[in-house]
$ cat structure-v7.csv   # CSV, C-alpha atoms
chain,number,residue,atom,x,y,z
S,1,MET,CA,130.7,108.9,89.2
S,2,PRO,CA,129.4,106.2,91.7
S,3,ASP,CA,132.0,105.0,94.2
S,4,ALA,CA,132.4,101.6,95.9
S,5,GLY,CA,132.1,102.9,99.4
S,6,PRO,CA,129.3,102.1,101.8
S,7,VAL,CA,126.2,104.3,102.2
S,8,PRO,CA,126.9,106.7,105.1
S,9,VAL,CA,124.4,106.4,108.0
S,10,PRO,CA,123.3,109.8,109.2
S,11,PRO,CA,122.7,110.3,112.9
S,12,LEU,CA,119.1,111.4,112.3
S,13,ALA,CA,116.4,111.1,109.7
S,14,ARG,CA,114.1,114.0,109.4
S,15,ALA,CA,110.8,114.7,107.6
S,16,TRP,CA,108.3,117.5,107.7
S,17,TYR,CA,104.5,117.6,107.1
S,18,GLN,CA,102.9,121.0,106.5
S,19,VAL,CA,99.3,121.5,107.4
S,20,ALA,CA,97.8,124.4,105.5
S,21,VAL,CA,94.9,126.1,107.4
S,22,ASP,CA,92.7,129.1,106.9
S,23,ALA,CA,94.2,131.0,109.9
S,24,LEU,CA,96.4,130.5,112.9
S,25,ARG,CA,94.9,130.3,116.4
S,26,ASP,CA,96.2,131.3,119.8
S,27,GLY,CA,98.6,128.6,121.0
S,28,ASP,CA,99.6,127.3,117.5
S,29,GLU,CA,103.3,126.6,117.3
S,30,VAL,CA,104.7,127.3,113.9
S,31,PRO,CA,108.4,126.3,113.7
S,32,ASP,CA,110.2,128.3,111.0
S,33,LEU,CA,111.8,126.1,108.4
S,34,GLY,CA,112.9,129.0,106.3
S,35,LEU,CA,111.1,127.5,103.3
S,36,PRO,CA,108.3,129.0,101.3
S,37,PRO,CA,105.3,126.9,100.5
S,38,ALA,CA,105.9,124.5,97.6
S,39,PRO,CA,104.8,126.0,94.3
S,40,ALA,CA,101.7,124.6,92.6
S,41,ALA,CA,103.6,123.5,89.6
S,42,LEU,CA,106.0,121.3,91.6
S,43,LEU,CA,103.1,119.8,93.6
S,44,LEU,CA,101.4,118.9,90.4
S,45,ALA,CA,104.6,117.4,88.9
S,46,ARG,CA,104.9,115.2,92.0
S,47,GLY,CA,101.4,113.7,91.4
S,48,SER,CA,99.2,116.0,93.6
S,49,ALA,CA,95.6,116.1,92.5
S,50,PRO,CA,94.7,119.4,90.8
S,51,ALA,CA,91.7,120.0,93.0
S,52,SER,CA,93.8,119.6,96.1
S,53,VAL,CA,96.4,122.0,94.9
S,54,GLU,CA,93.6,124.5,94.0
S,55,ARG,CA,92.2,124.1,97.5
S,56,LEU,CA,95.6,124.6,99.0
S,57,ALA,CA,96.1,127.9,97.2
S,58,GLY,CA,93.1,129.3,99.2
S,59,LEU,CA,94.7,128.7,102.6
S,60,ASP,CA,97.0,131.3,104.1
S,61,ALA,CA,98.5,129.8,107.2
S,62,TYR,CA,100.7,126.8,107.9
S,63,LEU,CA,101.3,124.4,110.8
S,64,LEU,CA,104.2,122.0,110.8
S,65,VAL,CA,104.6,118.4,112.1
S,66,ARG,CA,108.1,117.0,112.3
S,67,ALA,CA,109.3,113.4,112.1
S,68,GLU,CA,112.7,112.9,113.6
S,69,SER,CA,114.3,109.6,114.6
S,70,ALA,CA,117.2,107.2,113.9
S,71,PRO,CA,117.3,106.2,110.2
S,72,GLY,CA,115.8,103.1,108.7
S,73,ALA,CA,112.8,101.3,110.2
S,74,GLU,CA,112.5,103.7,113.1
S,75,ALA,CA,112.1,106.5,110.6
S,76,LEU,CA,109.2,104.7,109.0
S,77,GLU,CA,107.4,104.6,112.3
S,78,ALA,CA,108.2,108.2,113.0
S,79,ASN,CA,106.8,109.2,109.7
S,80,GLN,CA,103.7,107.2,110.3
S,81,ARG,CA,103.1,109.0,113.6
S,82,ALA,CA,103.9,112.4,112.2
S,83,LEU,CA,101.6,112.0,109.2
S,84,ALA,CA,98.8,110.7,111.4
S,85,ARG,CA,99.1,113.8,113.6
S,86,ALA,CA,99.1,116.0,110.5
S,87,ARG,CA,96.0,114.3,109.2
S,88,GLU,CA,94.3,114.9,112.6
S,89,LEU,CA,95.1,118.6,112.5
S,90,ALA,CA,93.9,118.8,108.9
S,91,THR,CA,90.6,117.1,109.9
S,92,GLU,CA,90.2,119.4,112.9
S,93,ARG,CA,91.0,122.6,111.0
S,94,ASP,CA,89.6,121.7,107.6
S,95,GLY,CA,93.1,121.9,106.3
S,96,VAL,CA,95.4,120.3,103.6
S,97,VAL,CA,98.4,118.1,104.4
S,98,VAL,CA,101.6,118.6,102.3
S,99,ASP,CA,104.4,116.1,102.5
S,100,LEU,CA,107.4,118.4,102.2
S,101,GLY,CA,109.8,115.5,101.6
S,102,VAL,CA,108.4,114.9,98.0
S,103,PRO,CA,106.7,117.5,98.0
S,104,ARG,CA,103.0,116.5,97.3
S,105,VAL,CA,99.6,116.9,98.8
S,106,VAL,CA,98.6,113.9,100.9
S,107,GLU,CA,95.1,112.9,100.2
S,108,PRO,CA,93.0,111.7,103.1
S,109,GLU,CA,92.6,108.2,101.6
S,110,ALA,CA,96.3,107.8,100.6
S,111,PRO,CA,97.9,104.7,102.3
S,112,ALA,CA,100.7,105.2,104.8
S,113,GLY,CA,101.7,101.7,105.7
S,114,ARG,CA,105.0,99.8,105.7
S,115,ALA,CA,105.2,99.6,101.9
S,116,ALA,CA,108.0,101.7,100.5
S,117,GLY,CA,105.9,102.8,97.6
S,118,HIS,CA,103.6,104.7,99.9
S,119,TRP,CA,106.3,107.2,100.8
S,120,PHE,CA,108.0,108.3,97.6
S,121,VAL,CA,107.2,109.2,94.0
S,122,PHE,CA,109.1,108.9,90.7
S,123,ALA,CA,110.5,111.6,88.4
S,124,HIS,CA,111.0,110.5,84.7
S,125,ASP,CA,113.1,112.1,82.0
S,126,GLY,CA,113.6,109.9,79.0
S,127,ALA,CA,115.6,106.9,80.1
S,128,LEU,CA,116.2,108.4,83.5
S,129,VAL,CA,114.2,107.4,86.6
S,130,ASP,CA,114.7,109.1,90.0
S,131,THR,CA,112.9,108.8,93.3
S,132,TRP,CA,111.8,111.6,95.6
S,133,GLY,CA,111.0,110.9,99.2
S,134,LEU,CA,113.4,108.2,100.5
S,135,ASP,CA,115.5,110.9,102.2
S,136,ARG,CA,112.9,110.8,105.0
S,137,PHE,CA,114.4,107.5,106.1
S,138,GLY,CA,118.0,108.8,105.9
S,139,LEU,CA,118.5,107.0,102.6
S,140,PRO,CA,119.9,108.4,99.4
S,141,GLU,CA,117.4,108.6,96.5
S,142,LEU,CA,117.5,105.9,93.8
S,143,HIS,CA,118.5,106.6,90.2
S,144,CYS,CA,118.4,104.4,87.0
S,145,ASP,CA,119.3,105.4,83.5
S,146,GLN,CA,118.2,102.3,81.6
S,147,ALA,CA,114.5,102.7,81.1
S,148,ASP,CA,112.6,103.3,77.9
S,149,ASP,CA,109.0,104.2,77.2
S,150,ALA,CA,107.9,100.6,76.6
S,151,ARG,CA,109.5,99.3,79.9
S,152,LEU,CA,109.1,102.3,82.1
S,153,PRO,CA,106.5,100.8,84.5
S,154,MET,CA,108.7,97.7,84.8
S,155,TYR,CA,111.8,99.7,85.8
S,156,ASP,CA,109.6,101.7,88.3
S,157,ALA,CA,108.5,98.3,89.8
S,158,VAL,CA,112.1,97.2,90.2
S,159,LEU,CA,113.0,100.4,92.0
S,160,VAL,CA,110.0,99.9,94.3
S,161,GLY,CA,111.4,96.5,95.1
S,162,VAL,CA,114.9,97.9,95.7
S,163,ALA,CA,113.3,100.6,98.0
S,164,GLN,CA,111.4,98.0,100.0
S,165,ARG,CA,114.6,96.0,100.6
S,166,LEU,CA,116.4,99.1,101.7
S,167,LEU,CA,113.6,100.0,104.1
S,168,GLU,CA,113.6,96.5,105.6
S,169,GLU,CA,117.4,95.9,105.7
S,170,TRP,CA,119.2,99.3,106.0
S,171,PRO,CA,121.2,100.5,108.0
S,172,GLY,CA,121.9,97.0,109.3
S,173,HIS,CA,122.9,95.8,105.8
S,174,ASP,CA,124.8,98.1,103.5
S,175,PRO,CA,123.2,98.0,100.0
S,176,VAL,CA,126.2,98.7,97.8
S,177,GLY,CA,127.0,95.8,95.6
S,178,PRO,CA,125.1,93.0,93.8
S,179,ALA,CA,121.6,92.0,94.8
S,180,THR,CA,118.6,90.1,93.4
S,181,VAL,CA,115.2,91.9,93.6
S,182,THR,CA,112.3,89.5,93.4
S,183,LEU,CA,108.7,89.9,92.4
S,184,ARG,CA,107.9,89.4,96.1
S,185,ASP,CA,110.0,92.5,97.0
S,186,VAL,CA,108.1,94.4,94.4
S,187,ALA,CA,104.7,93.2,95.7
S,188,ARG,CA,105.7,94.2,99.3
S,189,GLY,CA,106.9,97.6,98.0
S,190,TYR,CA,103.5,98.3,96.5
S,191,GLY,CA,101.6,97.0,99.6
S,192,ASP,CA,100.2,94.1,97.6
S,193,ALA,CA,98.4,91.6,99.9
S,194,SER,CA,99.6,88.7,97.7
S,195,ALA,CA,103.3,89.4,98.8
S,196,GLY,CA,103.1,86.8,101.5
S,197,GLY,CA,101.6,84.1,99.4
S,198,ASP,CA,103.2,80.9,98.0
S,199,ASP,CA,102.8,81.7,94.3
S,200,PRO,CA,106.1,80.6,92.8
S,201,THR,CA,106.1,83.5,90.4
S,202,LEU,CA,106.8,85.8,93.4
S,203,ASP,CA,110.3,84.2,93.6
S,204,ARG,CA,111.3,85.4,90.1
S,205,GLY,CA,114.1,87.8,90.3
S,206,VAL,CA,116.2,90.4,88.5
S,207,ASP,CA,119.9,90.8,89.2
S,208,VAL,CA,121.0,94.4,90.0
S,209,THR,CA,124.1,96.3,91.3
S,210,LEU,CA,123.8,99.3,93.6
S,211,ALA,CA,126.5,101.9,93.6
S,212,HIS,CA,126.7,104.9,95.9
S,213,ASP,CA,127.0,108.3,94.1
S,214,ALA,CA,128.1,110.5,97.0
S,215,ALA,CA,128.2,113.7,94.9
S,216,GLY,CA,124.7,113.1,93.7
S,217,ARG,CA,123.4,111.8,97.0
S,218,ARG,CA,121.9,108.9,95.3
S,219,LEU,CA,122.1,105.1,94.8
S,220,VAL,CA,122.6,104.2,91.1
S,221,VAL,CA,120.7,101.0,90.3
S,222,THR,CA,122.0,99.0,87.3
S,223,LEU,CA,119.8,96.1,86.1
S,224,HIS,CA,121.6,93.1,84.6
S,225,ASP,CA,118.4,91.4,83.4
S,226,ASP,CA,115.4,92.6,81.3
S,227,PRO,CA,112.5,92.9,83.8
S,228,ALA,CA,110.1,92.2,80.9
S,229,THR,CA,111.3,88.6,80.8
S,230,ALA,CA,113.0,88.0,84.2
S,231,LEU,CA,110.0,89.3,86.3
S,232,PHE,CA,107.0,89.8,84.1
S,233,GLY,CA,107.4,87.3,81.3
S,234,PRO,CA,105.1,84.2,80.8

$ encode --input "structure-v7.csv" --output "structure tokens"
Amino acid sequence: MPDAGPVPVPPLARAWYQVAVDALRDGDEVPDLGLPPAPAALLLARGSAPASVERLAGLDAYLLVRAESAPGAEALEANQRALARARELATERDGVVVDLGVPRVVEPEAPAGRAAGHWFVFAHDGALVDTWGLDRFGLPELHCDQADDARLPMYDAVLVGVAQRLLEEWPGHDPVGPATVTLRDVARGYGDASAGGDDPTLDRGVDVTLAHDAAGRRLVVTLHDDPATALFGP
């Protein structure tokens, strides 16, 4: 059950990017994570392109790039630097980058900006929506159990807005309790250039409550409004 306590702030946020290459070279440093390569089925389930997963299967060696920093905004910058380095290695060595925090293959054209939606994916199971990837910032993952097939993209959008607020405000502001997520938050979370505009519809909001589920290592998001009308209605 969720509890009313604040979200604990870890001393460090960590993330790892794997660069699969054809073979190791003299001087390559390969820290041992004690983890096997992510299975193809899991990479596909997290949204990796089948062609990229097939290419990955033909590579036999792995380099590792770490992101380690204080949690929150500093972790975003550390991830950006680490991913940029992993992409450089992949270009130099004709390799494939895997974001182990999701896990998924990172395509060369995939954005890696300040939008929260660039850094995590969703898992859906009926009415359940969960995120994978926010742990890289030291944050718990998000969970919602209110979705249905007709409104699934809308609930995803609300969680993107929640994630963006967390990325911008945590750990300076504890997220547990009531909040209002606006369409502007959602737009920033997706990296939409219109997020900074003066369109009044961007100020539409949906009221939510966030509760920390310590046992599940997640933040449970409860919506008190229907996003179909509160955010996306005429």

$ residues_around --input "structure-v7.csv" --residues "segment 155-164 of chain S" --least-positions-apart "5" --cutoff "7 Å" --atoms "only C-alpha atoms" --output "MDAnalysis selection string"
chainID S and resid 115:117 147 181 185:186 188:189

$ closest_residue --input "structure-v7.csv" --among "S:Pro10, S:Pro39, S:Pro178, S:Gly113" --to "Glu77 of chain S" --atoms "only C-alpha atoms"
S:Gly113

$ closest_residue --input "structure-v7.csv" --among "S:Pro37, S:Leu134, S:Ala82, S:Val30" --to "Val53 of chain S" --atoms "only C-alpha atoms"
S:Pro37

$ axis_aligned_box --input "structure-v7.csv" --around "segment 175-180 of chain S" --padding-each-side "8 Å" --output "JSON"
{"center_x": 122.8, "center_y": 94.4, "center_z": 96.7, "size_x": 24.4, "size_y": 24.6, "size_z": 22.6}

$ closest_atom_pairs --input "structure-v7.csv" --of "segment 79-111 of chain S" --to "segment 41-51 of chain S" --cutoff "10 Å" --atoms "only C-alpha atoms" --output "CSV"
residue,atom,partner,partner_atom,distance
S:Val98,CA,S:Leu43,CA,8.9
S:Asp99,CA,S:Leu43,CA,9.7
S:Leu100,CA,S:Leu43,CA,9.7
S:Val102,CA,S:Arg46,CA,7.0
S:Pro103,CA,S:Leu43,CA,6.1
S:Arg104,CA,S:Leu43,CA,5.0
S:Val105,CA,S:Ser48,CA,5.3
S:Val106,CA,S:Ser48,CA,7.6
S:Glu107,CA,S:Ala49,CA,8.4

$ closest_residue --input "structure-v7.csv" --among "S:Leu219, S:Leu202, S:Ala78, S:Ala112" --to "Pro140 of chain S" --atoms "all atoms listed in the file"
S:Leu219

$ closest_residue --input "structure-v7.csv" --among "S:Ala123, S:Val9, S:Val208, S:Ala57" --to "Gly72 of chain S" --atoms "only C-alpha atoms"
S:Val9

$ closest_residue --input "structure-v7.csv" --among "S:Leu128, S:Ala70, S:Ala214, S:Ala38" --to "Val97 of chain S" --atoms "only C-alpha atoms"
S:Ala38

$ atom_distance --input "structure-v7.csv" --atom1 "atom CA of Asp28 of chain S" --atom2 "atom CA of Ala75 of chain S"
25.2 Å

$ closest_residue --input "structure-v7.csv" --among "S:Asp207, S:Glu54, S:Asp26, S:Glu74" --to "Gly177 of chain S" --atoms "only C-alpha atoms"
S:Asp207

$ atom_distance --input "structure-v7.csv" --atom1 "atom CA of Ala230 of chain S" --atom2 "atom CA of Arg204 of chain S"
6.7 Å

$ atom_distance --input "structure-v7.csv" --atom1 "atom CA of Phe232 of chain S" --atom2 "atom CA of Asp199 of chain S"
13.7 Å

$ residues_around --input "structure-v7.csv" --residues "Leu210 of chain S" --least-positions-apart "2" --cutoff "6 Å" --atoms "all atoms listed in the file" --output "list of chain:residue names"
S:Val176, S:Gly177, S:Val220, S:Val221

$ write_last_selection --input "structure-v7.csv" --atoms "C-alpha atoms" --output "PDB file, in the coordinates of the input"
ATOM      1  CA  VAL S 176     126.200  98.700  97.800  1.00  0.00           C
ATOM      2  CA  GLY S 177     127.000  95.800  95.600  1.00  0.00           C
ATOM      3  CA  VAL S 220     122.600 104.200  91.100  1.00  0.00           C
ATOM      4  CA  VAL S 221     120.700 101.000  90.300  1.00  0.00           C
TER       5      VAL S 221
END
